[in-house]
$ cat entry_14.txt   # compact mmCIF, C-alpha atoms and all ligand atoms
# COMPACT_ATOMS: atom_id res chain seq x y z
CA MET A 4 87.04 80.60 98.53
CA SER A 5 90.64 80.74 99.70
CA GLU A 6 91.88 83.82 101.46
CA PHE A 7 95.26 85.36 102.06
CA LYS A 8 96.54 84.29 105.46
CA GLU A 9 96.50 87.27 107.79
CA LEU A 10 99.95 88.62 108.56
CA VAL A 11 101.07 91.92 110.04
CA PHE A 12 104.18 93.71 108.75
CA SER A 13 105.61 97.09 109.66
CA GLY A 14 108.92 98.92 109.60
CA VAL A 15 110.72 101.78 111.29
CA GLN A 16 113.72 103.67 109.89
CA PRO A 17 116.93 103.74 111.91
CA THR A 18 117.37 107.49 111.58
CA GLY A 19 117.46 109.66 114.70
CA ASN A 20 115.80 109.11 118.04
CA LEU A 21 112.40 107.52 118.28
CA HIS A 22 109.76 109.88 119.63
CA LEU A 23 106.28 109.69 121.10
CA GLY A 24 104.76 109.87 117.58
CA ASN A 25 106.61 106.73 116.50
CA TYR A 26 105.63 105.03 119.73
CA LEU A 27 101.91 105.90 119.74
CA GLY A 28 101.38 105.87 115.97
CA ALA A 29 103.24 102.61 115.38
CA ILE A 30 105.15 100.67 118.04
CA ARG A 31 102.40 100.53 120.65
CA LYS A 32 100.12 99.08 117.97
CA PHE A 33 102.80 96.56 116.98
CA VAL A 34 102.81 95.31 120.56
CA ALA A 35 99.01 94.97 120.75
CA LEU A 36 98.72 93.15 117.40
CA GLN A 37 100.93 90.32 118.65
CA GLN A 38 97.93 88.97 120.55
CA SER A 39 95.83 88.42 117.46
CA HIS A 40 98.26 88.02 114.52
CA ASN A 41 101.56 86.65 113.32
CA CYS A 42 103.76 89.73 113.04
CA VAL A 43 106.95 90.70 111.22
CA TYR A 44 108.65 93.88 112.46
CA CYS A 45 111.58 95.31 110.56
CA VAL A 46 114.24 97.96 111.08
CA VAL A 47 114.39 99.33 107.55
CA ASP A 48 118.07 100.18 107.21
CA LEU A 49 118.03 100.32 103.39
CA HIS A 50 115.40 103.05 103.59
CA ALA A 51 117.76 105.08 105.77
CA LEU A 52 120.10 105.48 102.78
CA THR A 53 117.56 107.28 100.61
CA ALA A 54 117.74 110.73 102.21
CA GLN A 55 121.32 110.51 103.47
CA LEU A 56 123.85 107.96 102.24
CA VAL A 57 126.54 108.18 104.89
CA HIS A 58 125.49 107.78 108.54
CA GLU A 59 127.65 108.32 111.56
CA ASP A 60 126.50 105.18 113.35
CA LEU A 61 124.06 103.10 111.31
CA PRO A 62 124.71 99.88 113.28
CA GLY A 63 124.09 101.74 116.55
CA GLN A 64 120.85 103.25 115.21
CA THR A 65 119.64 99.88 113.95
CA ARG A 66 120.33 98.29 117.34
CA SER A 67 118.64 101.15 119.12
CA ILE A 68 115.37 100.72 117.17
CA THR A 69 115.58 96.98 117.80
CA ALA A 70 116.02 97.66 121.52
CA ALA A 71 112.98 99.96 121.42
CA PHE A 72 110.89 97.20 119.83
CA LEU A 73 111.93 94.69 122.48
CA ALA A 74 111.69 97.13 125.39
CA SER A 75 108.16 98.07 124.31
CA GLY A 76 107.09 94.44 124.55
CA ILE A 77 107.62 92.87 121.14
CA ASP A 78 108.43 89.17 121.53
CA PRO A 79 111.13 88.22 119.00
CA LYS A 80 110.60 84.50 119.51
CA ALA A 81 106.84 84.39 118.97
CA HIS A 82 107.13 86.89 116.09
CA ILE A 83 109.89 88.08 113.74
CA VAL A 84 112.21 91.04 114.39
CA PHE A 85 115.05 91.75 111.96
CA ASN A 86 116.77 94.41 109.90
CA GLN A 87 115.85 94.77 106.26
CA SER A 88 119.27 94.46 104.61
CA ARG A 89 119.71 90.92 105.96
CA VAL A 90 117.00 89.72 103.60
CA PRO A 91 118.14 90.66 100.08
CA GLN A 92 114.76 89.70 98.61
CA HIS A 93 113.41 93.12 99.74
CA ALA A 94 115.75 94.84 97.29
CA GLU A 95 115.15 92.19 94.63
CA LEU A 96 111.38 92.58 94.77
CA ALA A 97 111.76 96.36 94.87
CA TRP A 98 113.44 96.15 91.46
CA ILE A 99 110.47 94.25 90.05
CA PHE A 100 108.15 96.83 91.59
CA ASN A 101 110.20 99.65 90.06
CA CYS A 102 109.14 98.13 86.77
CA VAL A 103 105.50 97.83 87.87
CA ALA A 104 105.08 101.31 89.38
CA ARG A 105 104.83 104.39 87.14
CA ILE A 106 107.03 107.46 87.52
CA GLY A 107 103.88 109.57 87.76
CA TRP A 108 102.77 107.63 90.85
CA MET A 109 106.10 108.33 92.55
CA ASN A 110 106.08 112.00 91.60
CA ARG A 111 102.75 112.41 93.38
CA MET A 112 104.05 111.22 96.76
CA THR A 113 103.84 114.10 99.21
CA GLN A 114 106.65 112.67 101.33
CA PHE A 115 108.95 112.71 98.30
CA LYS A 116 107.98 116.29 97.55
CA ASP A 117 108.58 117.32 101.18
CA LYS A 118 111.89 115.51 101.50
CA ALA A 119 113.27 116.46 98.09
CA GLY A 120 112.27 120.09 98.58
CA LYS A 121 112.88 122.55 95.77
CA ASP A 122 115.96 120.83 94.41
CA ARG A 123 114.26 117.69 93.12
CA GLU A 124 116.80 117.05 90.39
CA ASN A 125 119.38 116.58 93.07
CA ALA A 126 117.41 114.09 95.23
CA SER A 127 118.64 110.50 95.10
CA LEU A 128 116.89 108.10 92.76
CA GLY A 129 116.39 105.97 95.87
CA LEU A 130 114.30 108.72 97.48
CA LEU A 131 111.98 108.75 94.48
CA ALA A 132 111.75 104.94 94.43
CA TYR A 133 111.37 104.70 98.22
CA PRO A 134 107.66 103.68 98.14
CA SER A 135 108.47 100.85 95.78
CA LEU A 136 110.93 99.40 98.32
CA MET A 137 108.30 99.92 101.00
CA ALA A 138 105.76 97.96 98.93
CA ALA A 139 108.37 95.21 98.54
CA ASP A 140 108.95 95.12 102.33
CA ILE A 141 105.29 94.40 102.84
CA LEU A 142 104.52 92.20 99.86
CA VAL A 143 107.59 89.97 100.04
CA TYR A 144 105.71 88.53 103.05
CA ARG A 145 102.31 88.94 101.34
CA ALA A 146 101.33 90.83 104.50
CA THR A 147 97.65 91.71 104.83
CA HIS A 148 97.78 94.36 107.58
CA VAL A 149 100.22 97.20 108.20
CA PRO A 150 100.05 99.31 111.37
CA VAL A 151 101.45 102.81 110.71
CA GLY A 152 100.95 106.45 111.56
CA ASP A 153 98.80 108.63 109.35
CA ASP A 154 101.82 110.02 107.43
CA GLN A 155 102.32 106.63 105.73
CA LYS A 156 98.78 106.40 104.35
CA GLN A 157 99.69 107.49 100.83
CA HIS A 158 102.55 104.98 100.65
CA LEU A 159 100.15 102.19 101.59
CA GLU A 160 97.70 103.25 98.91
CA LEU A 161 100.56 103.01 96.45
CA THR A 162 101.41 99.55 97.78
CA ARG A 163 97.85 98.48 96.91
CA ASP A 164 98.18 100.05 93.46
CA ILE A 165 101.39 98.11 92.84
CA ALA A 166 99.82 94.83 94.05
CA GLN A 167 96.75 95.41 91.92
CA LYS A 168 98.71 96.23 88.77
CA PHE A 169 100.98 93.22 89.24
CA ASN A 170 97.98 90.94 89.84
CA SER A 171 96.22 92.17 86.75
CA ASP A 172 99.29 92.35 84.44
CA PHE A 173 100.22 88.79 85.36
CA SER A 174 96.76 87.33 86.00
CA ASP A 175 97.05 84.67 83.28
CA ARG A 176 100.50 83.58 84.38
CA ILE A 177 99.44 83.54 88.03
CA ALA A 178 96.55 81.24 87.12
CA GLN A 179 98.74 79.04 84.87
CA CYS A 180 101.27 78.59 87.65
CA GLY A 181 98.47 77.78 90.10
CA LEU A 182 99.74 80.45 92.45
CA GLY A 183 96.67 82.69 92.66
CA VAL A 184 94.62 83.34 95.74
CA GLU A 185 91.01 84.28 95.24
CA THR A 186 89.85 86.80 97.75
CA LEU A 187 87.07 89.29 98.23
CA VAL A 188 88.20 92.88 98.57
CA GLY A 189 85.18 95.08 99.19
CA ASN A 190 82.75 93.86 96.56
CA GLU A 191 85.47 92.91 94.15
CA LYS A 192 86.78 89.39 93.72
CA ILE A 193 90.52 89.44 93.15
CA ASN A 194 92.49 86.43 91.96
CA GLY A 195 96.02 87.47 92.45
CA TYR A 196 99.37 86.68 93.94
CA PHE A 197 99.58 89.71 96.22
CA PRO A 198 96.96 90.73 98.79
CA LEU A 199 95.64 94.29 98.81
CA THR A 200 97.16 95.25 102.11
CA GLU A 201 95.10 97.13 104.64
CA PRO A 202 96.61 99.99 106.62
CA LEU A 203 95.85 100.03 110.35
CA ILE A 204 95.89 103.73 111.15
CA GLU A 205 92.99 104.18 113.55
CA GLY A 206 93.26 105.02 117.27
CA PRO A 207 93.32 108.31 119.16
CA ALA A 208 96.83 109.37 118.01
CA PRO A 209 97.38 108.44 114.36
CA ARG A 210 99.26 111.71 113.91
CA VAL A 211 100.95 113.06 117.02
CA MET A 212 101.66 116.75 116.54
CA SER A 213 104.62 118.90 117.60
CA LEU A 214 104.39 120.16 121.19
CA ARG A 215 105.43 123.60 119.91
CA ASP A 216 102.97 123.84 117.00
CA GLY A 217 99.78 121.79 116.90
CA THR A 218 99.57 122.09 113.12
CA LYS A 219 102.92 120.36 112.49
CA LYS A 220 103.66 116.64 112.83
CA MET A 221 105.96 115.58 115.69
CA SER A 222 109.13 114.66 113.84
CA LYS A 223 112.71 113.50 114.29
CA SER A 224 113.91 116.30 112.05
CA ASP A 225 112.33 119.27 113.89
CA VAL A 226 115.14 121.59 115.00
CA SER A 227 113.50 122.14 118.39
CA ASP A 228 113.93 119.23 120.79
CA LEU A 229 111.09 120.77 122.84
CA SER A 230 108.74 119.86 119.98
CA ARG A 231 108.96 116.14 120.70
CA ILE A 232 109.24 113.64 123.53
CA ASN A 233 112.03 111.18 122.77
CA LEU A 234 111.75 107.61 124.00
CA THR A 235 115.08 108.16 125.75
CA ASP A 236 114.06 111.36 127.62
CA ASP A 237 114.21 111.14 131.41
CA ALA A 238 111.25 111.94 133.67
CA GLU A 239 112.34 115.51 134.30
CA THR A 240 112.76 116.26 130.59
CA ILE A 241 109.36 114.75 129.77
CA SER A 242 107.69 116.89 132.46
CA LYS A 243 109.48 120.02 131.27
CA LYS A 244 108.45 119.46 127.64
CA ILE A 245 104.81 118.87 128.56
CA ARG A 246 104.79 121.88 130.91
CA ARG A 247 106.14 124.05 128.10
CA ALA A 248 103.90 122.54 125.42
CA LYS A 249 102.01 125.23 123.55
CA THR A 250 98.30 125.50 124.47
CA ASP A 251 95.54 128.07 124.16
CA PRO A 252 94.15 129.96 127.19
CA GLU A 253 90.77 128.16 127.30
CA PRO A 254 90.07 125.21 129.61
CA LEU A 255 89.52 121.75 128.07
CA PRO A 256 86.11 121.62 126.37
CA GLY A 257 83.15 119.63 127.68
CA ASP A 258 82.68 117.64 124.48
CA LEU A 259 84.65 116.40 121.46
CA GLU A 260 83.27 119.06 119.11
CA GLY A 261 84.85 121.66 121.39
CA LEU A 262 88.30 120.46 120.25
CA ALA A 263 87.66 121.66 116.69
CA GLY A 264 90.01 124.47 115.76
CA ARG A 265 92.13 123.83 118.88
CA PRO A 266 94.97 121.66 117.50
CA GLU A 267 97.20 121.85 120.58
CA ALA A 268 94.37 120.86 122.94
CA GLU A 269 93.32 118.07 120.60
CA ASN A 270 96.89 116.79 120.42
CA LEU A 271 97.34 116.59 124.20
CA VAL A 272 93.96 114.90 124.62
CA GLY A 273 94.87 112.38 121.89
CA ILE A 274 98.23 111.67 123.53
CA TYR A 275 96.57 111.08 126.89
CA ALA A 276 93.98 108.79 125.29
CA ALA A 277 96.60 106.74 123.42
CA LEU A 278 98.89 106.42 126.46
CA SER A 279 96.00 105.19 128.59
CA ASP A 280 94.50 102.89 125.89
CA SER A 281 91.38 104.99 126.05
CA THR A 282 89.52 107.35 123.71
CA LYS A 283 89.39 111.11 123.30
CA GLU A 284 85.71 110.98 124.37
CA ALA A 285 86.63 109.32 127.65
CA VAL A 286 89.43 111.82 128.31
CA ILE A 287 87.11 114.76 127.66
CA ALA A 288 84.48 113.17 129.89
CA GLU A 289 87.05 112.98 132.69
CA PHE A 290 88.92 116.27 132.25
CA GLY A 291 86.46 118.57 130.41
CA GLY A 292 86.34 122.02 132.00
CA GLN A 293 89.80 121.72 133.61
CA GLN A 294 92.62 124.16 132.95
CA PHE A 295 95.80 122.99 131.21
CA SER A 296 97.67 123.88 134.40
CA ALA A 297 95.79 121.01 136.06
CA PHE A 298 95.76 118.60 133.08
CA LYS A 299 99.43 118.87 132.10
CA PRO A 300 100.90 117.45 135.35
CA ILE A 301 98.54 114.46 135.13
CA LEU A 302 99.53 113.92 131.50
CA SER A 303 103.23 114.16 132.44
CA GLU A 304 102.82 111.59 135.15
CA LEU A 305 101.11 109.20 132.74
CA ALA A 306 103.76 109.73 130.06
CA VAL A 307 106.55 109.07 132.56
CA THR A 308 104.81 105.96 133.91
CA VAL A 309 104.51 104.51 130.39
CA LEU A 310 107.84 105.63 128.92
CA ALA A 311 110.30 105.33 131.83
CA PRO A 312 110.27 101.51 131.93
CA ILE A 313 110.78 101.44 128.15
CA SER A 314 113.77 103.75 128.18
CA SER A 315 115.42 101.96 131.10
CA GLU A 316 114.88 98.58 129.42
CA MET A 317 116.29 100.04 126.18
CA ARG A 318 119.43 101.12 128.02
CA ARG A 319 119.79 97.69 129.59
CA LEU A 320 119.38 95.93 126.23
CA LEU A 321 121.81 98.24 124.47
CA ASP A 322 124.50 97.13 126.91
CA ASP A 323 124.14 93.65 125.44
CA VAL A 324 124.89 94.14 121.75
CA THR A 325 125.51 90.41 121.31
CA TYR A 326 121.94 89.66 122.31
CA ILE A 327 120.46 92.32 119.99
CA ASP A 328 122.54 91.07 117.07
CA ALA A 329 121.45 87.49 117.78
CA VAL A 330 117.79 88.57 117.71
CA LEU A 331 118.33 90.26 114.33
CA ALA A 332 120.21 87.28 112.90
CA ASP A 333 117.55 84.81 114.01
CA GLY A 334 114.71 87.05 112.77
CA GLY A 335 116.53 87.58 109.47
CA GLU A 336 116.82 83.86 108.94
CA ARG A 337 113.14 83.22 109.60
CA ALA A 338 112.06 86.20 107.48
CA GLY A 339 114.37 84.97 104.71
CA VAL A 340 112.56 81.64 104.47
CA ILE A 341 109.25 83.39 103.66
CA ALA A 342 110.87 85.94 101.34
CA GLN A 343 112.75 83.27 99.36
CA LYS A 344 109.53 81.38 98.72
CA THR A 345 107.88 84.56 97.39
CA MET A 346 110.77 85.27 95.04
CA LYS A 347 110.76 81.68 93.81
CA ASP A 348 107.04 82.02 92.97
CA LEU A 349 107.67 85.36 91.29
CA ARG A 350 110.47 84.03 89.11
CA GLU A 351 108.05 81.40 87.90
CA ILE A 352 105.23 83.89 87.31
CA ILE A 353 107.42 86.44 85.54
CA GLY A 354 109.51 83.89 83.63
CA LEU A 355 112.92 84.56 85.09
CA LEU A 356 114.99 81.38 84.64
P1 LIG B 1 109.29 106.21 110.06
O1 LIG B 1 110.54 105.51 110.44
O2 LIG B 1 109.38 107.64 109.64
O3 LIG B 1 108.27 106.14 111.25
C1 LIG B 1 107.98 104.92 111.90
C2 LIG B 1 106.49 104.86 112.24
O4 LIG B 1 106.13 105.96 113.09
C3 LIG B 1 104.99 106.62 112.55
N1 LIG B 1 105.06 108.05 112.89
C4 LIG B 1 104.08 108.72 113.50
N2 LIG B 1 102.87 108.33 113.94
C5 LIG B 1 102.09 109.27 114.55
N3 LIG B 1 102.49 110.56 114.72
C6 LIG B 1 103.70 111.00 114.28
N4 LIG B 1 104.08 112.26 114.47
C7 LIG B 1 104.56 110.05 113.63
N5 LIG B 1 105.79 110.13 113.09
C8 LIG B 1 106.09 108.90 112.63
C9 LIG B 1 105.10 106.38 111.05
O5 LIG B 1 103.84 106.55 110.42
C10 LIG B 1 105.59 104.96 111.00
O6 LIG B 1 104.51 104.06 111.13
N6 LIG B 1 108.30 104.59 105.44
C11 LIG B 1 108.26 104.23 106.84
C12 LIG B 1 109.06 102.99 107.18
C13 LIG B 1 108.71 101.78 106.36
C14 LIG B 1 107.54 100.99 106.49
C15 LIG B 1 107.70 99.94 105.53
C16 LIG B 1 106.41 101.06 107.29
C17 LIG B 1 109.48 101.24 105.40
N7 LIG B 1 108.88 100.12 104.90
C18 LIG B 1 106.71 98.98 105.37
C19 LIG B 1 105.44 100.09 107.11
C20 LIG B 1 105.59 99.07 106.17
C21 LIG B 1 108.86 105.37 107.64
O7 LIG B 1 109.64 106.13 107.16
O8 LIG B 1 108.52 105.38 108.95
$ encode --input "entry_14.txt" --output "structure tokens" --more "lines below"
Ligand code: TYM
Amino acid sequence: MSEFKELVFSGVQPTGNLHLGNYLGAIRKFVALQQSHNCVYCVVDLHALTAQLVHEDLPGQTRSITAAFLASGIDPKAHIVFNQSRVPQHAELAWIFNCVARIGWMNRMTQFKDKAGKDRENASLGLLAYPSLMAADILVYRATHVPVGDDQKQHLELTRDIAQKFNSDFSDRIAQCGLGVETLVGNEKINGYFPLTEPLIEGPAPRVMSLRDGTKKMSKSDVSDLSRINLTDDAETISKKIRRAKTDPEPLPGDLEGLAGRPEAENLVGIYAALSDSTKEAVIAEFGGQQFSAFKPILSELAVTVLAPISSEMRRLLDDVTYIDAVLADGGERAGVIAQKTMKDLREIIGLL
């Protein structure tokens, strides 16, 4: 039985500064996956237009995310790094997927509800259709694995729904054109054109929480800068933010169960585990029983050790815009070759002359 060739795809929006959540939930995993997979990593500039059309410095933001990818250890020669709008097939496939996906599916997306707020009628049509473009990003490469933070889980379920509906609506045509791939998904045998992509969400920090409120996600849009650690923060700022991070008065528990109901403690333990490529169990085994006053300085030191080289390399790279732009152009060209082949197949399957 043939199988879809394994390929990793993921994207990051060029909106605002990257923070520790983006790094631990996504970029650090991107780096690790390079060892085992072919990877395509994308700065999704078209997505940035959905919530806000006019940006002060979109090129600068796009370059800054690219610099963060490279500074974190992504190899743009062995893998592909580019910005979305260079490969028009993303938008082309998104249109097809707009016609596959149902409005009801989009209306159920919690991220749409959160971002549109109360005034839904006034949200852009792009914001509603966002997950369809995201599905196109992934499926234009027929990617099988997508590393993301926990907040993207629902969008990836929708990506599978879109792939499944397309495969089943066009199953006869896919077979006639000889373009189907037979693959086992769970117990089900699927003969389709698109793989049912698997999210890679596991790890100790799939959802890094705000340092000011352990029940809220760390986010670019939080008004308090103390709530997040930015990839560009210097050592002193990182230490200050961790020192001032909200905690409860108890010492760290002696076992994992002891973290239940203690979101701030759980968050800091998860951050430590992710930064040290370890597990929450191992962190608790080492630090259980210690006060936060003892744990926080050790966590700060670790965070600075991991992040300082990334932010200094980012600064160095951003001084060389020509190099960054060359990386994006080269990546865009190589991504385009794959994406064009997919669209050629799709035109045949759908019957677009
Ligand atoms: P974006 O740009 O909001 O975030 C980029 C990545 O960072 C993860 N992330 C977090 N992980 C853990 N804890 C947090 N607090 C946290 N905040 C953000 C996100 O889960 C994401 O993996 N829709 C996507 C971009 C996108 C995409 C794609 C991703 C567009 N097309 C195709 C994968 C595949 C987004 O807005 O991510």
$ residues_around --input "entry_14.txt" --residues "Tyr275 of chain A" --least-positions-apart "3" --cutoff "10 Å" --atoms "all atoms listed in the file" --output "compact mmCIF listing (two decimals) with C-alpha atoms, in the coordinates of the input"
# COMPACT_ATOMS: atom_id res chain seq x y z
CA PRO A 207 93.32 108.31 119.16
CA ALA A 208 96.83 109.37 118.01
CA GLU A 269 93.32 118.07 120.60
CA ASN A 270 96.89 116.79 120.42
CA LEU A 271 97.34 116.59 124.20
CA VAL A 272 93.96 114.90 124.62
CA LEU A 278 98.89 106.42 126.46
CA SER A 279 96.00 105.19 128.59
CA ASP A 280 94.50 102.89 125.89
CA SER A 281 91.38 104.99 126.05
CA THR A 282 89.52 107.35 123.71
CA LYS A 283 89.39 111.11 123.30
CA VAL A 286 89.43 111.82 128.31
CA PHE A 298 95.76 118.60 133.08
CA LYS A 299 99.43 118.87 132.10
CA ILE A 301 98.54 114.46 135.13
CA LEU A 302 99.53 113.92 131.50
CA SER A 303 103.23 114.16 132.44
CA LEU A 305 101.11 109.20 132.74
CA ALA A 306 103.76 109.73 130.06
$ closest_residue --input "entry_14.txt" --among "A:Ala146, A:Leu27, A:Val211, A:Ala104" --to "Asn41 of chain A" --atoms "only C-alpha atoms"
A:Ala146
$ atom_distance --input "entry_14.txt" --atom1 "atom CA of Thr53 of chain A" --atom2 "atom CA of Leu130 of chain A"
4.7 Å
$ residues_near_ligand --input "entry_14.txt" --ligand "ligand LIG 1 (chain B)" --cutoff "7 Å" --atoms "all atoms listed in the file" --output "PyMOL selection string"
chain A and resi 12-17+24-29+47+50+136-138+140-141+149-155+208-212+220-222
$ closest_residue --input "entry_14.txt" --among "A:Ile77, A:Leu199, A:Val46, A:Ile83" --to "Lys168 of chain A" --atoms "all atoms listed in the file"
A:Leu199
$ residues_around --input "entry_14.txt" --residues "segment 232-236 of chain A" --least-positions-apart "2" --cutoff "8 Å" --atoms "only C-alpha atoms" --output "number ranges by chain"
A: 20-23, 26, 228-230, 238, 240-241, 244, 310, 313-314
$ atom_distance --input "entry_14.txt" --atom1 "atom CA of Gln87 of chain A" --atom2 "atom CA of Asp48 of chain A"
5.9 Å
$ atom_distance --input "entry_14.txt" --atom1 "atom CA of Met112 of chain A" --atom2 "atom CA of Gly264 of chain A"
27.1 Å
$ closest_residue --input "entry_14.txt" --among "A:Asp175, A:Ala332, A:Gly273, A:Ser39" --to "Glu205 of chain A" --atoms "only C-alpha atoms"
A:Gly273
$ residues_around --input "entry_14.txt" --residues "Leu259 of chain A" --least-positions-apart "2" --cutoff "7 Å" --atoms "only C-alpha atoms" --output "list of chain:residue names"
A:Gly261, A:Leu262, A:Glu284, A:Ile287
$ residues_around --input "entry_14.txt" --residues "segment 327-329 of chain A" --least-positions-apart "3" --cutoff "10 Å" --atoms "all atoms listed in the file" --output "PDB file with C-alpha atoms, in the frame of the given file"
ATOM      1  CA  PRO A  62     124.710  99.880 113.280  1.00  0.00           C
ATOM      2  CA  THR A  65     119.640  99.880 113.950  1.00  0.00           C
ATOM      3  CA  ARG A  66     120.330  98.290 117.340  1.00  0.00           C
ATOM      4  CA  SER A  67     118.640 101.150 119.120  1.00  0.00           C
ATOM      5  CA  THR A  69     115.580  96.980 117.800  1.00  0.00           C
ATOM      6  CA  ALA A  70     116.020  97.660 121.520  1.00  0.00           C
ATOM      7  CA  LEU A  73     111.930  94.690 122.480  1.00  0.00           C
ATOM      8  CA  PHE A  85     115.050  91.750 111.960  1.00  0.00           C
ATOM      9  CA  ASN A  86     116.770  94.410 109.900  1.00  0.00           C
ATOM     10  CA  LEU A 320     119.380  95.930 126.230  1.00  0.00           C
ATOM     11  CA  LEU A 321     121.810  98.240 124.470  1.00  0.00           C
ATOM     12  CA  ASP A 322     124.500  97.130 126.910  1.00  0.00           C
ATOM     13  CA  ASP A 323     124.140  93.650 125.440  1.00  0.00           C
ATOM     14  CA  VAL A 324     124.890  94.140 121.750  1.00  0.00           C
ATOM     15  CA  ALA A 332     120.210  87.280 112.900  1.00  0.00           C
ATOM     16  CA  ASP A 333     117.550  84.810 114.010  1.00  0.00           C
ATOM     17  CA  GLY A 334     114.710  87.050 112.770  1.00  0.00           C
ATOM     18  CA  GLY A 335     116.530  87.580 109.470  1.00  0.00           C
TER      19      GLY A 335
END
$ closest_residue --input "entry_14.txt" --among "A:Val84, A:Ala54, A:Ile245, A:Ile177" --to "Pro300 of chain A" --atoms "all atoms listed in the file"
A:Ile245
$ closest_residue --input "entry_14.txt" --among "A:Asn194, A:Leu214, A:Leu331, A:Glu239" --to "Ile274 of chain A" --atoms "all atoms listed in the file"
A:Leu214
$ closest_residue --input "entry_14.txt" --among "A:Val309, A:Leu10, A:Ser171, A:Val143" --to "Ala277 of chain A" --atoms "only C-alpha atoms"
A:Val309
